[in-house]
$ cat start.tsv   # TSV, C-alpha atoms and all ligand atoms
chain	number	residue	atom	x	y	z
X	1	MET	CA	-109.70	58.47	34.50
X	2	SER	CA	-107.64	58.68	31.35
X	3	TYR	CA	-109.10	57.09	28.20
X	4	ASP	CA	-106.99	53.97	28.27
X	5	GLU	CA	-107.63	52.87	31.85
X	6	ILE	CA	-110.05	49.96	32.13
X	7	LEU	CA	-109.76	49.47	35.87
X	8	LYS	CA	-108.85	52.01	38.49
X	9	VAL	CA	-108.57	51.01	42.15
X	10	GLU	CA	-108.07	53.89	44.61
X	11	GLY	CA	-107.38	53.51	48.32
X	12	LEU	CA	-109.07	50.12	48.57
X	13	SER	CA	-109.38	48.62	52.04
X	14	ALA	CA	-111.38	45.51	52.88
X	15	PHE	CA	-112.00	43.38	55.92
X	16	TYR	CA	-114.05	40.37	56.89
X	17	GLU	CA	-116.66	40.85	59.58
X	18	PRO	CA	-116.20	38.91	62.79
X	19	ARG	CA	-118.44	35.90	63.34
X	20	LYS	CA	-121.41	36.59	65.54
X	21	PHE	CA	-120.88	33.37	67.48
X	22	GLY	CA	-117.92	31.17	68.30
X	23	PHE	CA	-114.27	31.94	68.90
X	24	ASN	CA	-113.43	33.71	65.69
X	25	ASN	CA	-114.90	37.04	66.68
X	26	LYS	CA	-112.21	39.50	65.63
X	27	LYS	CA	-112.47	41.74	62.56
X	28	ILE	CA	-109.95	40.52	59.94
X	29	ASP	CA	-108.28	43.37	58.06
X	30	VAL	CA	-107.16	42.04	54.71
X	31	LEU	CA	-106.52	44.89	52.26
X	32	ASN	CA	-104.88	48.08	53.28
X	33	ASP	CA	-105.06	51.17	51.04
X	34	VAL	CA	-104.43	49.41	47.71
X	35	SER	CA	-104.22	51.59	44.58
X	36	PHE	CA	-103.39	50.62	41.00
X	37	ASN	CA	-104.82	50.76	37.51
X	38	ILE	CA	-105.04	48.46	34.53
X	39	ARG	CA	-104.76	49.92	31.05
X	40	SER	CA	-106.64	48.94	27.95
X	41	ARG	CA	-105.38	45.64	26.41
X	42	GLU	CA	-102.98	45.22	29.30
X	43	PHE	CA	-102.24	41.95	31.11
X	44	PHE	CA	-101.58	42.89	34.73
X	45	GLY	CA	-100.04	40.28	37.03
X	46	LEU	CA	-100.64	40.19	40.78
X	47	VAL	CA	-98.32	37.98	42.83
X	48	GLY	CA	-97.97	37.34	46.51
X	49	GLU	CA	-97.89	34.56	49.06
X	50	SER	CA	-100.92	32.62	50.21
X	51	GLY	CA	-103.24	34.66	52.42
X	52	CYS	CA	-101.89	38.09	51.40
X	53	GLY	CA	-105.30	39.16	50.04
X	54	LYS	CA	-105.19	38.49	46.29
X	55	SER	CA	-108.57	36.75	46.11
X	56	THR	CA	-110.10	39.34	48.43
X	57	LEU	CA	-108.98	42.03	45.98
X	58	CYS	CA	-110.60	40.07	43.12
X	59	LYS	CA	-113.82	39.70	45.13
X	60	ALA	CA	-113.93	43.46	45.79
X	61	ILE	CA	-113.45	44.24	42.08
X	62	LEU	CA	-116.23	41.78	41.23
X	63	GLY	CA	-118.53	43.44	43.79
X	64	LEU	CA	-118.81	40.32	45.95
X	65	ILE	CA	-117.72	41.92	49.22
X	66	ASP	CA	-117.98	45.30	50.89
X	67	PHE	CA	-114.97	47.57	50.68
X	68	GLN	CA	-113.79	51.09	51.39
X	69	GLY	CA	-112.23	53.15	48.61
X	70	LYS	CA	-113.12	53.54	44.97
X	71	ILE	CA	-113.20	51.04	42.12
X	72	THR	CA	-113.88	52.27	38.59
X	73	ILE	CA	-114.37	49.74	35.79
X	74	ASN	CA	-114.64	50.94	32.20
X	75	ASN	CA	-115.67	54.40	33.47
X	76	MET	CA	-118.37	52.99	35.78
X	77	ASN	CA	-118.18	53.26	39.52
X	78	ARG	CA	-118.39	49.89	41.27
X	79	GLU	CA	-120.95	49.91	44.03
X	80	LYS	CA	-122.11	46.77	45.74
X	81	GLY	CA	-125.10	45.29	43.99
X	82	LYS	CA	-124.44	46.73	40.52
X	83	TYR	CA	-123.90	43.25	39.14
X	84	ARG	CA	-125.85	43.34	35.91
X	85	GLU	CA	-124.56	46.69	34.63
X	86	MET	CA	-121.01	45.63	35.36
X	87	ALA	CA	-121.23	42.03	34.15
X	88	ARG	CA	-120.70	42.92	30.52
X	89	SER	CA	-117.50	44.82	31.38
X	90	VAL	CA	-115.92	42.49	33.89
X	91	GLN	CA	-115.91	38.69	34.05
X	92	ALA	CA	-114.02	36.18	36.15
X	93	VAL	CA	-112.16	32.88	35.79
X	94	PHE	CA	-111.52	31.03	39.05
X	95	GLN	CA	-109.14	28.37	40.25
X	96	ASP	CA	-111.48	25.38	40.31
X	97	PRO	CA	-113.26	24.87	36.97
X	98	MET	CA	-115.46	22.02	38.23
X	99	SER	CA	-117.21	24.04	40.90
X	100	ALA	CA	-117.63	26.95	38.48
X	101	LEU	CA	-119.73	24.92	36.01
X	102	ASN	CA	-123.27	23.67	36.61
X	103	PRO	CA	-122.93	19.85	36.45
X	104	LYS	CA	-126.54	19.42	35.29
X	105	LYS	CA	-126.27	21.58	32.18
X	106	THR	CA	-124.57	20.92	28.84
X	107	ILE	CA	-121.57	22.97	27.72
X	108	GLY	CA	-123.73	24.54	24.97
X	109	PHE	CA	-126.32	25.65	27.56
X	110	ILE	CA	-123.65	26.96	29.95
X	111	LEU	CA	-121.95	29.03	27.23
X	112	GLU	CA	-125.23	30.40	25.89
X	113	GLU	CA	-126.64	31.36	29.29
X	114	PRO	CA	-124.84	34.75	29.69
X	115	LEU	CA	-126.14	35.79	26.25
X	116	LYS	CA	-129.69	34.81	27.27
X	117	ILE	CA	-129.45	36.65	30.59
X	118	HIS	CA	-128.34	39.81	28.81
X	119	LYS	CA	-130.95	39.27	26.06
X	120	ILE	CA	-128.36	39.32	23.30
X	121	GLY	CA	-129.23	38.13	19.77
X	122	THR	CA	-131.72	35.64	18.40
X	123	LYS	CA	-131.48	31.90	19.10
X	124	GLU	CA	-129.48	31.38	15.84
X	125	GLU	CA	-127.14	34.29	16.55
X	126	ARG	CA	-126.47	32.96	20.05
X	127	GLN	CA	-125.74	29.47	18.67
X	128	ARG	CA	-123.32	30.97	16.17
X	129	ARG	CA	-121.53	32.89	18.94
X	130	VAL	CA	-121.27	29.69	21.02
X	131	ASP	CA	-119.71	27.87	18.02
X	132	GLU	CA	-117.32	30.77	17.47
X	133	VAL	CA	-116.19	30.66	21.11
X	134	LEU	CA	-115.86	26.83	21.09
X	135	GLU	CA	-113.63	27.12	18.03
X	136	PHE	CA	-111.50	29.77	19.73
X	137	LEU	CA	-111.14	27.45	22.74
X	138	GLY	CA	-109.96	24.62	20.49
X	139	LEU	CA	-113.04	22.46	21.22
X	140	ASP	CA	-115.11	21.14	18.31
X	141	SER	CA	-118.89	21.62	18.18
X	142	SER	CA	-119.55	18.09	19.52
X	143	TYR	CA	-118.57	19.43	22.97
X	144	ARG	CA	-121.77	21.48	22.90
X	145	ASN	CA	-123.82	18.45	24.02
X	146	ARG	CA	-121.42	17.18	26.68
X	147	TYR	CA	-121.72	17.67	30.43
X	148	PRO	CA	-118.89	19.13	32.58
X	149	ASN	CA	-118.09	15.74	34.14
X	150	GLU	CA	-117.40	14.37	30.64
X	151	LEU	CA	-114.55	16.86	30.16
X	152	SER	CA	-110.97	16.89	31.42
X	153	GLY	CA	-109.84	19.55	33.92
X	154	GLY	CA	-108.11	21.55	31.19
X	155	GLN	CA	-111.17	21.39	28.91
X	156	ARG	CA	-113.40	22.55	31.79
X	157	GLN	CA	-111.12	25.50	32.40
X	158	ARG	CA	-111.33	26.29	28.66
X	159	VAL	CA	-115.13	26.35	28.98
X	160	CYS	CA	-114.84	28.72	31.99
X	161	ILE	CA	-112.65	31.01	29.88
X	162	GLY	CA	-115.27	30.71	27.13
X	163	CYS	CA	-118.02	31.83	29.57
X	164	SER	CA	-115.87	34.78	30.55
X	165	ILE	CA	-115.27	36.01	26.99
X	166	ILE	CA	-118.66	35.28	25.42
X	167	LEU	CA	-120.05	38.73	26.36
X	168	ASN	CA	-116.97	40.52	24.98
X	169	PRO	CA	-115.98	42.03	28.35
X	170	LYS	CA	-113.30	44.69	28.76
X	171	LEU	CA	-111.67	43.04	31.76
X	172	ILE	CA	-111.19	39.46	32.96
X	173	ILE	CA	-110.25	38.71	36.55
X	174	ALA	CA	-108.31	35.44	36.49
X	175	ASP	CA	-107.72	34.24	40.05
X	176	GLU	CA	-105.06	31.50	39.85
X	177	PRO	CA	-106.69	29.91	36.79
X	178	ILE	CA	-104.02	27.27	36.30
X	179	SER	CA	-103.00	26.35	39.82
X	180	SER	CA	-105.44	23.41	40.08
X	181	LEU	CA	-104.17	21.94	36.80
X	182	ASP	CA	-101.35	19.64	35.84
X	183	VAL	CA	-98.21	21.42	34.56
X	184	SER	CA	-98.68	20.51	30.87
X	185	VAL	CA	-102.43	21.27	30.95
X	186	GLY	CA	-101.65	24.53	32.76
X	187	ALA	CA	-99.24	25.43	29.95
X	188	GLN	CA	-102.04	24.93	27.40
X	189	ILE	CA	-104.33	27.26	29.37
X	190	LEU	CA	-101.49	29.76	29.59
X	191	ASN	CA	-101.19	29.61	25.79
X	192	LEU	CA	-104.92	30.24	25.57
X	193	PHE	CA	-104.48	33.39	27.68
X	194	GLN	CA	-101.66	34.41	25.35
X	195	LYS	CA	-104.06	33.91	22.42
X	196	LEU	CA	-106.63	36.13	24.21
X	197	HIS	CA	-103.93	38.79	24.55
X	198	ASP	CA	-103.22	38.67	20.82
X	199	SER	CA	-106.81	38.39	19.57
X	200	PHE	CA	-109.08	40.63	21.65
X	201	ASP	CA	-109.39	44.16	22.92
X	202	LEU	CA	-109.25	42.87	26.47
X	203	SER	CA	-107.41	43.47	29.74
X	204	VAL	CA	-106.68	40.75	32.29
X	205	LEU	CA	-105.88	40.84	36.00
X	206	PHE	CA	-103.90	37.61	36.31
X	207	VAL	CA	-103.37	36.39	39.88
X	208	SER	CA	-100.68	33.86	40.68
X	209	HIS	CA	-98.13	32.72	43.25
X	210	ASN	CA	-95.55	32.31	40.54
X	211	LEU	CA	-93.51	35.31	39.47
X	212	ASN	CA	-91.99	33.41	36.50
X	213	LEU	CA	-95.39	32.68	35.08
X	214	VAL	CA	-96.67	36.22	35.57
X	215	TYR	CA	-93.53	37.58	33.92
X	216	TYR	CA	-94.13	35.32	30.91
X	217	LEU	CA	-97.71	36.48	30.44
X	218	CYS	CA	-98.05	40.02	31.77
X	219	ASP	CA	-97.09	43.54	30.76
X	220	ARG	CA	-96.97	44.89	34.31
X	221	ILE	CA	-96.62	43.22	37.69
X	222	ALA	CA	-97.69	44.17	41.22
X	223	VAL	CA	-96.29	42.31	44.23
X	224	MET	CA	-98.54	42.11	47.27
X	225	TYR	CA	-97.49	41.47	50.85
X	226	LYS	CA	-99.94	41.30	53.78
X	227	GLY	CA	-102.65	43.30	52.04
X	228	SER	CA	-100.47	46.06	50.55
X	229	ILE	CA	-98.80	46.41	47.18
X	230	ILE	CA	-95.11	46.70	47.93
X	231	GLU	CA	-93.73	46.88	44.38
X	232	MET	CA	-95.27	47.56	41.00
X	233	GLY	CA	-93.90	48.25	37.56
X	234	ASP	CA	-93.18	47.04	34.08
X	235	ALA	CA	-92.86	43.21	34.08
X	236	LYS	CA	-89.26	43.39	32.88
X	237	ASP	CA	-88.28	45.95	35.52
X	238	VAL	CA	-89.80	44.02	38.41
X	239	TYR	CA	-88.44	40.68	37.18
X	240	TYR	CA	-84.90	41.75	36.33
X	241	ASN	CA	-84.50	44.63	38.74
X	242	PRO	CA	-86.56	43.82	41.84
X	243	LEU	CA	-86.17	46.63	44.36
X	244	HIS	CA	-88.09	45.50	47.43
X	245	PRO	CA	-86.36	42.87	49.61
X	246	TYR	CA	-89.54	40.78	49.58
X	247	THR	CA	-89.69	40.72	45.76
X	248	GLN	CA	-86.03	39.73	45.72
X	249	LEU	CA	-86.80	36.89	48.12
X	250	LEU	CA	-89.82	35.81	46.09
X	251	LEU	CA	-87.74	35.77	42.94
X	252	SER	CA	-84.86	33.89	44.46
X	253	ALA	CA	-87.37	31.24	45.54
X	254	THR	CA	-89.32	30.96	42.27
X	255	ALA	CA	-86.32	31.11	39.96
X	256	ARG	CA	-84.68	28.14	41.57
X	257	PHE	CA	-87.73	26.31	42.88
X	258	ASP	CA	-85.66	25.96	46.02
X	259	GLY	CA	-87.95	25.89	49.04
X	260	GLU	CA	-85.07	25.51	51.45
X	261	LYS	CA	-83.50	28.78	50.38
X	262	LEU	CA	-86.75	30.60	51.07
X	263	ILE	CA	-86.94	29.26	54.59
X	264	THR	CA	-83.32	30.09	55.44
X	265	ASP	CA	-83.73	33.60	54.13
X	266	MET	CA	-86.96	34.16	56.04
X	267	THR	CA	-85.38	33.09	59.30
X	268	LYS	CA	-82.21	35.11	58.99
X	269	LYS	CA	-83.96	37.66	61.09
X	270	THR	CA	-86.12	36.21	63.80
X	271	PRO	CA	-89.57	37.75	63.50
X	272	VAL	CA	-90.21	40.05	66.40
X	273	GLU	CA	-93.67	40.60	67.72
X	274	ASP	CA	-94.17	44.26	67.03
X	275	VAL	CA	-97.58	45.71	66.56
X	276	THR	CA	-96.63	49.38	66.41
X	277	ALA	CA	-99.23	51.09	64.25
X	278	GLY	CA	-97.78	52.39	61.03
X	279	ARG	CA	-94.74	50.14	60.90
X	280	CYS	CA	-93.72	48.61	57.56
X	281	ASN	CA	-95.59	45.34	56.88
X	282	TYR	CA	-92.36	43.53	56.11
X	283	TYR	CA	-90.47	44.87	59.13
X	284	SER	CA	-90.44	41.63	61.11
X	285	TYR	CA	-88.82	39.64	58.31
X	286	CYS	CA	-86.62	42.23	56.69
X	287	ARG	CA	-82.91	41.49	57.03
X	288	LYS	CA	-81.99	45.15	56.71
X	289	ALA	CA	-84.76	46.71	58.78
X	290	LYS	CA	-83.82	49.85	60.67
X	291	ASP	CA	-85.42	51.42	63.68
X	292	ASP	CA	-87.01	53.95	61.35
X	293	CYS	CA	-88.96	51.17	59.64
X	294	ARG	CA	-91.15	50.87	62.73
X	295	LYS	CA	-92.66	54.22	61.87
X	296	LEU	CA	-93.01	53.66	58.14
X	297	LYS	CA	-96.26	53.13	56.34
X	298	ASN	CA	-96.25	51.18	53.08
X	299	VAL	CA	-96.50	54.05	50.62
X	300	LEU	CA	-95.56	53.40	47.01
X	301	ILE	CA	-92.95	55.76	45.59
X	302	ASN	CA	-91.86	55.89	41.97
X	303	VAL	CA	-88.13	55.43	42.30
X	304	ALA	CA	-87.14	54.10	38.90
X	305	GLY	CA	-88.59	53.69	35.43
X	306	THR	CA	-90.05	56.46	33.30
X	307	SER	CA	-93.08	58.64	34.02
X	308	GLU	CA	-95.04	56.54	31.51
X	309	ASN	CA	-93.83	53.27	32.97
X	310	PRO	CA	-93.08	54.03	36.61
X	311	HIS	CA	-91.45	51.49	38.90
X	312	TYR	CA	-92.96	51.83	42.38
X	313	VAL	CA	-91.58	50.42	45.60
X	314	SER	CA	-92.84	50.91	49.14
X	315	CYS	CA	-89.41	50.72	50.80
X	316	PRO	CA	-87.44	53.99	51.06
X	317	TYR	CA	-84.24	52.03	51.81
X	318	TYR	CA	-84.50	49.84	48.70
X	319	TYR	CA	-81.14	51.07	47.36
X	320	GLN	CA	-79.37	49.32	50.22
X	321	PHE	CA	-80.47	45.88	49.14
X	322	TYR	CA	-77.90	45.20	46.45
X	401	LIG	N1	-114.76	34.63	54.07
X	401	LIG	C1	-113.75	34.90	54.87
X	401	LIG	N2	-113.95	35.16	56.20
X	401	LIG	C2	-112.92	35.47	57.02
X	401	LIG	N3	-111.64	35.56	56.63
X	401	LIG	C3	-111.36	35.31	55.33
X	401	LIG	C4	-112.39	34.96	54.39
X	401	LIG	N4	-111.81	34.79	53.18
X	401	LIG	C5	-110.49	35.00	53.36
X	401	LIG	N5	-110.21	35.30	54.64
X	401	LIG	C6	-108.88	35.64	55.20
X	401	LIG	O1	-108.39	36.77	54.48
X	401	LIG	C7	-107.00	36.63	54.21
X	401	LIG	C8	-106.75	36.79	52.73
X	401	LIG	O2	-107.40	35.76	52.03
X	401	LIG	P1	-107.36	35.64	50.45
X	401	LIG	O3	-108.23	34.50	50.07
X	401	LIG	O4	-107.65	36.95	49.86
X	401	LIG	O5	-105.80	35.26	50.20
X	401	LIG	P2	-105.04	34.89	48.85
X	401	LIG	O6	-103.91	35.86	48.71
X	401	LIG	O7	-106.00	34.78	47.72
X	401	LIG	O8	-104.43	33.45	49.20
X	401	LIG	P3	-104.22	32.18	48.24
X	401	LIG	O9	-103.00	32.50	47.43
X	401	LIG	O10	-103.99	31.05	49.20
X	401	LIG	O11	-105.45	32.00	47.40
X	401	LIG	C9	-106.58	35.28	54.77
X	401	LIG	O12	-105.93	35.49	55.98
X	401	LIG	C10	-107.87	34.53	54.95
X	401	LIG	O13	-107.78	33.67	56.05
X	402	MG	MG	-106.66	33.19	46.52

$ encode --input "start.tsv" --output "structure tokens"
Amino acid sequence: MSYDEILKVEGLSAFYEPRKFGFNNKKIDVLNDVSFNIRSREFFGLVGESGCGKSTLCKAILGLIDFQGKITINNMNREKGKYREMARSVQAVFQDPMSALNPKKTIGFILEEPLKIHKIGTKEERQRRVDEVLEFLGLDSSYRNRYPNELSGGQRQRVCIGCSIILNPKLIIADEPISSLDVSVGAQILNLFQKLHDSFDLSVLFVSHNLNLVYYLCDRIAVMYKGSIIEMGDAKDVYYNPLHPYTQLLLSATARFDGEKLITDMTKKTPVEDVTAGRCNYYSYCRKAKDDCRKLKNVLINVAGTSENPHYVSCPYYYQFY
């Protein structure tokens, strides 16, 4: 692991166990051989449609589910159960701020708790750190004595971000942190993330459906489709020069907010039921799929960009999509 990599994910596969009883008794494969890294101080965006495995990837990085492959965070190997050692390096912000905060505790208590758990500082030092974080969040010290239900959705999400930064972690996993919020409130939270980017020695894995938003905030972007990364590169390269047909489709839909266009494009080729092992994940929907694509596996190849900032795509026929 080179000195500036905070997170390294190598060959990560994950699945959900079948239920012991009932109808849902098939193993659900979600992630399939995912590899990427996040550099120091880098904001890394992960986009993809609902159900493609973004949250599952976050859960694996946070050690909440079993996985195959290797995850290294700040030079430590993630094994299931190593919560406490890892907690100071990696923290999370989730989609729903209400369920993330204990409704029976005050904001001051909630913010101080991680410091207490990790036995950091004296009572006064902890209080000072809580005030410092409240100020960074743009909340005055009177919020210390309020309960989560006395805050707005945006303020609650600010507190969640406060909990995630209070231990000075190296990496924050932000799983759709603004999607439950109103547009204008979401924009404020986005600005807060921008402020984090400018103020701290911190990397962020920012998960979203929205390629526009990820482009605005992130240095690099990975696009996920059905559990595999299909394109990854510098934010500018992926946004202005998308190579994979799926990224192009995603962009044409987000740029214009035109749901109809997305549907017409998706149905240009009728999905065929094809379960040939090893075929490209996107085969059924791809307008330019060839017979060869049935045998392809989604392997990322650096086809553009520089060696320092590679631009990976999993489709060997990408050059035909212009
Ligand atoms: N606990 C679980 N048990 C069984 N299957 C699950 C479980 N959690 C998620 N899944 C399945 O795994 C797949 C990936 O889910 P995941 O939550 O990672 O998607 P996602 O990309 O985060 O979607 P969204 O954008 O809607 O949040 C889905 O098909 C989902 O139904
Ligand atoms: Mg999710």

$ axis_aligned_box --input "start.tsv" --around "ligand LIG 401 (chain X)" --padding-each-side "6 Å" --output "lines of an AutoDock Vina configuration file"
center_x = -108.9
center_y = 34.0
center_z = 52.2
size_x = 23.8
size_y = 17.9
size_z = 21.6

$ residues_near_ligand --input "start.tsv" --ligand "ligand LIG 401 (chain X)" --cutoff "6 Å" --atoms "all atoms listed in the file" --output "compact mmCIF listing (two decimals) with C-alpha atoms, keeping the file's coordinate frame"
# COMPACT_ATOMS: atom_id res chain seq x y z
CA TYR X 16 -114.05 40.37 56.89
CA VAL X 30 -107.16 42.04 54.71
CA GLU X 49 -97.89 34.56 49.06
CA SER X 50 -100.92 32.62 50.21
CA GLY X 51 -103.24 34.66 52.42
CA CYS X 52 -101.89 38.09 51.40
CA GLY X 53 -105.30 39.16 50.04
CA LYS X 54 -105.19 38.49 46.29
CA SER X 55 -108.57 36.75 46.11
CA THR X 56 -110.10 39.34 48.43

$ residues_around --input "start.tsv" --residues "X:Lys297" --least-positions-apart "4" --cutoff "12 Å" --atoms "only C-alpha atoms" --output "list of chain:residue names"
X:Asn32, X:Asp33, X:Ser228, X:Ile229, X:Ile230, X:Thr276, X:Ala277, X:Gly278, X:Arg279, X:Cys280, X:Asn281, X:Tyr282, X:Tyr283, X:Asp292, X:Cys293, X:Ile301, X:Ser314, X:Cys315, X:Pro316

$ residues_near_ligand --input "start.tsv" --ligand "ligand MG 402 (chain X)" --cutoff "12 Å" --atoms "all atoms listed in the file" --output "ChimeraX atom specification"
/X:46-59,94-96,173-177,179-180,206-209

$ atom_distance --input "start.tsv" --atom1 "atom CA of X:Ile107" --atom2 "atom CA of X:Gly154"
14.0 Å

$ closest_residue --input "start.tsv" --among "X:Ala14, X:Met232, X:Leu249, X:Leu111" --to "X:Gly305" --atoms "only C-alpha atoms"
X:Met232

$ residues_near_point --input "start.tsv" --point "(-115.8, 27.7, 20.1)" --cutoff "10 Å" --atoms "only C-alpha atoms" --output "number ranges by chain"
X: 108, 111, 128-141, 143-144, 158-159, 162, 166

$ atom_distance --input "start.tsv" --atom1 "atom CA of X:Arg39" --atom2 "atom CA of X:Gln157"
25.3 Å
